[in-house]
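Peer 1: Here it is, the structure, as structure tokens.
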Amino acid sequence: MRAGASSEVLSATPMPATTRAAFVRRDEQGMFEGMASKDKDPRRSLHVEEVPVPELAPDEVYIAVMASSINFNTVWTSIFEPLPTFGFLDRLAKETFWGKRHSLDYHVVGSDACGVILRAGSAVRNWKVGDEVTVHCNYVDDQDPSSHDDSMRSSTQRIWGFETNFGGLADICVVKANQLMHKPAHLTWEEASVNALCNSTAYRMLVSRNGAPVTQGDRVLIWGASGGIGSFAVQHVLNSGGTPIGVVSSANKVETLHELGCLHVINREEMDYRFWKDPHTQDESEWRRLGKDIRALVGDDPDIVFEHPGRSTMGASVFVAKRAGTIVTCAATSGYMIEYDNRHLWMKLKTIKGSHFSNYREAWAANQTIIDGKVVPPLSAVFGLEQVGEAAYEVHHNRHEGKIGILCVAPREGLGVTNPELRASVGERRLTIFRRHDRE
């Protein structure tokens, strides 16, 4: 792979029996019991060792993973919160013959990957050995009727590498053919590896008809706007003709967003909002202060609120959204037991819209925005696979902007670009916004 072998050579080369992979152990799932979430340490629970390469199902491929990335679901798996993921694997094992492979004493994690196909199952039609691909994480049974129309409504929908085994933080991963997309040719392996999960999620939330699609002139409040998912949200709002209002936690992140094209940014550190008086009581006066600050920036309340922190911000999000506006939410990184004043929802005709990753069509369209250079990857740092615990720890404690890439088979950064002309057109400076600001 590293030598650029042809598809014929790859096909003729025997598959190894084992692969290097990052995983958690079933017998360690109680190791953090009684500890506060912030004290749970992924460096203790994530192991990098050789594990067996599983048998390949007819609709699957083996991928040599050149690079992967850290998502919050990897952090959740590594700290066994809100519950250990082995229950997901055990349920999958009860559903299908091929699902039985997933219930093991270890869980190989990772919901992003970029690499080269090594083998394709007998039922794979549109992809072949040697194809350079990136992977989206929607794992569905296409023989389940509920998977059609919108596969995210499927009763069997799962997130690969979180609710399934054999994820992307490994040298070899296993994915279904309907998870594959073309690698953006102008990006390095590590740049291409950080997009699929977060970009697809933001696309469904803000572009697809299944979310709260932005139209020209819409004002969109984006929490965590310099983070992995928030930075994609900013770009999709701009590309849709809307006005993003980014909320960040430091002056350095303000500058990052300005360079990304987001003119209106609120620095929470500077404004010192205290939405909660104590763990049980919210402060409506602080909601009002936030709403006043938003109107001072853009002249009106936000038509859409892009919400993913959850408990810490949902009360404020519901309050500041415009009359008949929408709060679209996909996560709850600060806690999933949320509280808000329902009077501000029903009396002002507002809507809370739940959203979860994306279907294949949406993921493909989101990937096309990357391929076309209209959206750039928010890569801020790169670690090796052997440092995956440290990388997950960094994400757990919000120490980086954007996304952290993980080198797997790729021996070093900067490899994988096959369209240097497009890269030059997009611009090296724009492609490295988050790397430069993270180092400052």
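Within each chain, counting starts at residue 1; across the structure tokens, chains are named A, B, ... in the order shown, with ligands numbered 1 upward in that order.
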Per DSSP on the backbone, what are the helix (DSSP H, G or I) residues of stretch 253-401 of chain A, as a PyMOL selection string?

Peer 2: chain A and resi 253-260+268-271+284-298+314-320+343-346+360-371+385-396

Peer 1: Which residues are near stretch 333-350 of chain A? Cut-off 9 Å, only C-alpha atoms, ignore same chain within fewer than 6 positions. Put them as a list in words.

Peer 2: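 Using only C-alpha atoms, the neighbours found are Phe72, Gln282, His308, Pro309, Gly310, Arg311, Ser312, Thr313, Met314, Gly315, Ala316, Ser317, Val318, Phe319, Ala321, Lys322, Arg323, Ala324, Gly325, Thr326 and Ile327 of chain A.
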
Peer 1: Could you write out that same residue set with N, CA and C atoms as a CSV table (one decimal), in the first residue's frame?

Peer 2:
```csv
chain,number,residue,atom,x,y,z
A,72,PHE,N,-16.6,12.4,19.0
A,72,PHE,CA,-17.0,12.3,20.4
A,72,PHE,C,-17.6,10.9,20.7
A,282,GLN,N,-31.9,27.6,36.1
A,282,GLN,CA,-31.4,28.4,35.0
A,282,GLN,C,-31.7,29.9,35.2
A,308,HIS,N,-25.9,21.5,19.8
A,308,HIS,CA,-25.4,20.2,20.1
A,308,HIS,C,-24.7,20.1,21.5
A,309,PRO,N,-24.5,21.2,22.3
A,309,PRO,CA,-24.0,21.0,23.6
A,309,PRO,C,-25.0,20.3,24.6
A,310,GLY,N,-26.4,20.6,24.3
A,310,GLY,CA,-27.4,19.9,25.1
A,310,GLY,C,-27.7,20.7,26.4
A,311,ARG,N,-27.5,20.1,27.5
A,311,ARG,CA,-28.0,20.6,28.8
A,311,ARG,C,-27.5,22.0,29.1
A,312,SER,N,-26.3,22.3,28.8
A,312,SER,CA,-25.7,23.6,29.2
A,312,SER,C,-26.3,24.8,28.4
A,313,THR,N,-26.9,24.5,27.2
A,313,THR,CA,-27.3,25.6,26.3
A,313,THR,C,-28.7,25.5,25.8
A,314,MET,N,-29.4,24.4,26.0
A,314,MET,CA,-30.7,24.2,25.3
A,314,MET,C,-31.7,25.2,25.8
A,315,GLY,N,-31.7,25.6,27.1
A,315,GLY,CA,-32.7,26.6,27.6
A,315,GLY,C,-32.5,27.9,26.9
A,316,ALA,N,-31.2,28.3,26.7
A,316,ALA,CA,-30.9,29.5,26.0
A,316,ALA,C,-31.3,29.4,24.5
A,317,SER,N,-31.0,28.3,23.9
A,317,SER,CA,-31.3,28.1,22.5
A,317,SER,C,-32.8,28.2,22.2
A,318,VAL,N,-33.7,27.6,23.0
A,318,VAL,CA,-35.1,27.7,22.8
A,318,VAL,C,-35.5,29.2,23.0
A,319,PHE,N,-35.0,29.9,24.0
A,319,PHE,CA,-35.4,31.3,24.2
A,319,PHE,C,-35.0,32.2,23.1
A,321,ALA,N,-34.2,31.6,19.9
A,321,ALA,CA,-34.7,31.4,18.5
A,321,ALA,C,-35.8,32.3,18.2
A,322,LYS,N,-35.9,32.7,17.0
A,322,LYS,CA,-36.9,33.7,16.5
A,322,LYS,C,-38.3,33.0,16.6
A,323,ARG,N,-39.3,33.9,16.6
A,323,ARG,CA,-40.7,33.4,16.6
A,323,ARG,C,-40.9,32.5,15.4
A,324,ALA,N,-41.4,31.3,15.6
A,324,ALA,CA,-41.6,30.3,14.5
A,324,ALA,C,-40.2,29.7,14.0
A,325,GLY,N,-39.2,30.0,14.8
A,325,GLY,CA,-37.9,29.5,14.4
A,325,GLY,C,-37.7,28.0,14.8
A,326,THR,N,-36.5,27.5,14.4
A,326,THR,CA,-36.2,26.0,14.6
A,326,THR,C,-34.9,25.9,15.4
A,327,ILE,N,-35.0,25.0,16.4
A,327,ILE,CA,-33.8,24.6,17.1
A,327,ILE,C,-33.5,23.2,16.6
```

Peer 1: Using only C-alpha atoms, determine which residues lie at most 12 Å from A:Asn398, disregarding the query and same-chain residues fewer than 5 positions distant; provide the list as a list in words.

Peer 2: Lys38, Ile70, Asn71, Phe72, Val75, Gly224, Ser226, Gly227, Gly228, Val248, Ser249, Ser250, Thr333, Ser334, Ala391, Ala392, Tyr393, Lys403 and Ile404 of chain A

Peer 1: Please dump the current selection as a short mmCIF file (atom, residue, chain, number, x, y, z; two decimals), in the first residue's frame; keep N, CA and C atoms.

Peer 2:
```
data_model
loop_
_atom_site.label_atom_id
_atom_site.label_comp_id
_atom_site.auth_asym_id
_atom_site.auth_seq_id
_atom_site.Cartn_x
_atom_site.Cartn_y
_atom_site.Cartn_z
N LYS A 38 -15.43 13.92 33.77
CA LYS A 38 -14.20 14.63 33.42
C LYS A 38 -12.95 13.90 33.90
N ILE A 70 -10.75 11.23 15.40
CA ILE A 70 -11.42 11.10 16.69
C ILE A 70 -12.74 11.86 16.66
N ASN A 71 -13.82 11.17 17.02
CA ASN A 71 -15.12 11.79 17.19
C ASN A 71 -15.56 11.63 18.64
N PHE A 72 -16.58 12.39 19.02
CA PHE A 72 -17.04 12.30 20.41
C PHE A 72 -17.55 10.91 20.74
N VAL A 75 -14.83 8.99 22.20
CA VAL A 75 -14.63 9.37 23.59
C VAL A 75 -15.65 8.68 24.47
N GLY A 224 -20.44 26.16 19.53
CA GLY A 224 -19.20 25.43 19.25
C GLY A 224 -18.77 25.56 17.81
N SER A 226 -16.26 26.61 16.20
CA SER A 226 -14.91 26.29 15.73
C SER A 226 -14.57 24.83 15.95
N GLY A 227 -15.54 24.05 16.44
CA GLY A 227 -15.31 22.62 16.66
C GLY A 227 -15.52 21.82 15.40
N GLY A 228 -15.48 20.50 15.54
CA GLY A 228 -15.59 19.63 14.38
C GLY A 228 -16.88 19.82 13.63
N VAL A 248 -18.07 30.73 20.37
CA VAL A 248 -16.82 30.03 20.67
C VAL A 248 -16.39 30.36 22.09
N SER A 249 -15.26 29.78 22.51
CA SER A 249 -14.86 29.92 23.91
C SER A 249 -13.54 30.63 24.12
N SER A 250 -12.95 31.22 23.06
CA SER A 250 -11.69 31.94 23.24
C SER A 250 -11.47 32.91 22.10
N THR A 333 -23.33 17.07 24.25
CA THR A 333 -22.00 16.83 24.80
C THR A 333 -21.85 17.30 26.24
N SER A 334 -22.74 18.20 26.69
CA SER A 334 -22.67 18.66 28.08
C SER A 334 -23.72 17.97 28.97
N ALA A 391 -5.04 11.30 21.99
CA ALA A 391 -5.89 12.09 21.10
C ALA A 391 -7.33 12.15 21.62
N ALA A 392 -7.85 11.02 22.07
CA ALA A 392 -9.21 10.99 22.63
C ALA A 392 -9.29 11.82 23.91
N TYR A 393 -8.24 11.80 24.70
CA TYR A 393 -8.18 12.62 25.91
C TYR A 393 -8.25 14.11 25.56
N LYS A 403 -10.96 19.16 14.14
CA LYS A 403 -10.86 17.71 14.28
C LYS A 403 -9.41 17.26 14.40
N ILE A 404 -9.23 16.13 15.09
CA ILE A 404 -7.92 15.50 15.22
C ILE A 404 -7.88 14.29 14.29
#
```

Peer 1: Could you give me the residues within stretch 290-337 of chain A that DSSP places in strand (DSSP E or B), as number ranges by chain?

Peer 2: A: 304-307, 326-329

Peer 1: Can you write out the residues you just picked, keeping N, CA and C atoms, as a PDB file, in the first residue's frame?

Peer 2:
```
ATOM      1  N   ILE A 304     -32.629  29.943  12.900  1.00  0.00           N
ATOM      2  CA  ILE A 304     -32.257  28.563  13.214  1.00  0.00           C
ATOM      3  C   ILE A 304     -31.179  28.591  14.298  1.00  0.00           C
ATOM      4  N   VAL A 305     -31.281  27.674  15.245  1.00  0.00           N
ATOM      5  CA  VAL A 305     -30.216  27.477  16.223  1.00  0.00           C
ATOM      6  C   VAL A 305     -29.640  26.088  16.010  1.00  0.00           C
ATOM      7  N   PHE A 306     -28.352  26.004  15.755  1.00  0.00           N
ATOM      8  CA  PHE A 306     -27.629  24.751  15.548  1.00  0.00           C
ATOM      9  C   PHE A 306     -27.134  24.289  16.906  1.00  0.00           C
ATOM     10  N   GLU A 307     -27.820  23.311  17.481  1.00  0.00           N
ATOM     11  CA  GLU A 307     -27.652  22.967  18.899  1.00  0.00           C
ATOM     12  C   GLU A 307     -27.046  21.569  19.054  1.00  0.00           C
ATOM     13  N   THR A 326     -36.512  27.458  14.416  1.00  0.00           N
ATOM     14  CA  THR A 326     -36.230  26.043  14.638  1.00  0.00           C
ATOM     15  C   THR A 326     -34.929  25.867  15.398  1.00  0.00           C
ATOM     16  N   ILE A 327     -34.970  25.006  16.396  1.00  0.00           N
ATOM     17  CA  ILE A 327     -33.763  24.566  17.089  1.00  0.00           C
ATOM     18  C   ILE A 327     -33.489  23.155  16.604  1.00  0.00           C
ATOM     19  N   VAL A 328     -32.422  22.942  15.848  1.00  0.00           N
ATOM     20  CA  VAL A 328     -32.107  21.620  15.320  1.00  0.00           C
ATOM     21  C   VAL A 328     -30.936  21.061  16.126  1.00  0.00           C
ATOM     22  N   THR A 329     -31.115  19.845  16.656  1.00  0.00           N
ATOM     23  CA  THR A 329     -30.138  19.304  17.597  1.00  0.00           C
ATOM     24  C   THR A 329     -29.705  17.901  17.204  1.00  0.00           C
TER      25      THR A 329
END
```

Peer 1: Which residue gives the smallest distance to A:Leu197 among A:Gly414, A:Gly121, A:Pro279, A:Gly161, with only C-alpha atoms counted?

Peer 2: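 Among A:Gly414, A:Gly121, A:Pro279, A:Gly161, it is A:Gly161 that comes nearest to A:Leu197.
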
Peer 1: Quick one: of A:Thr156, A:Thr188, A:Ser355, A:Ser146, who's nearest to A:Val207, counting only C-alpha atoms?

Peer 2: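 With only C-alpha atoms as the atom set, the closest residue is A:Ser355.
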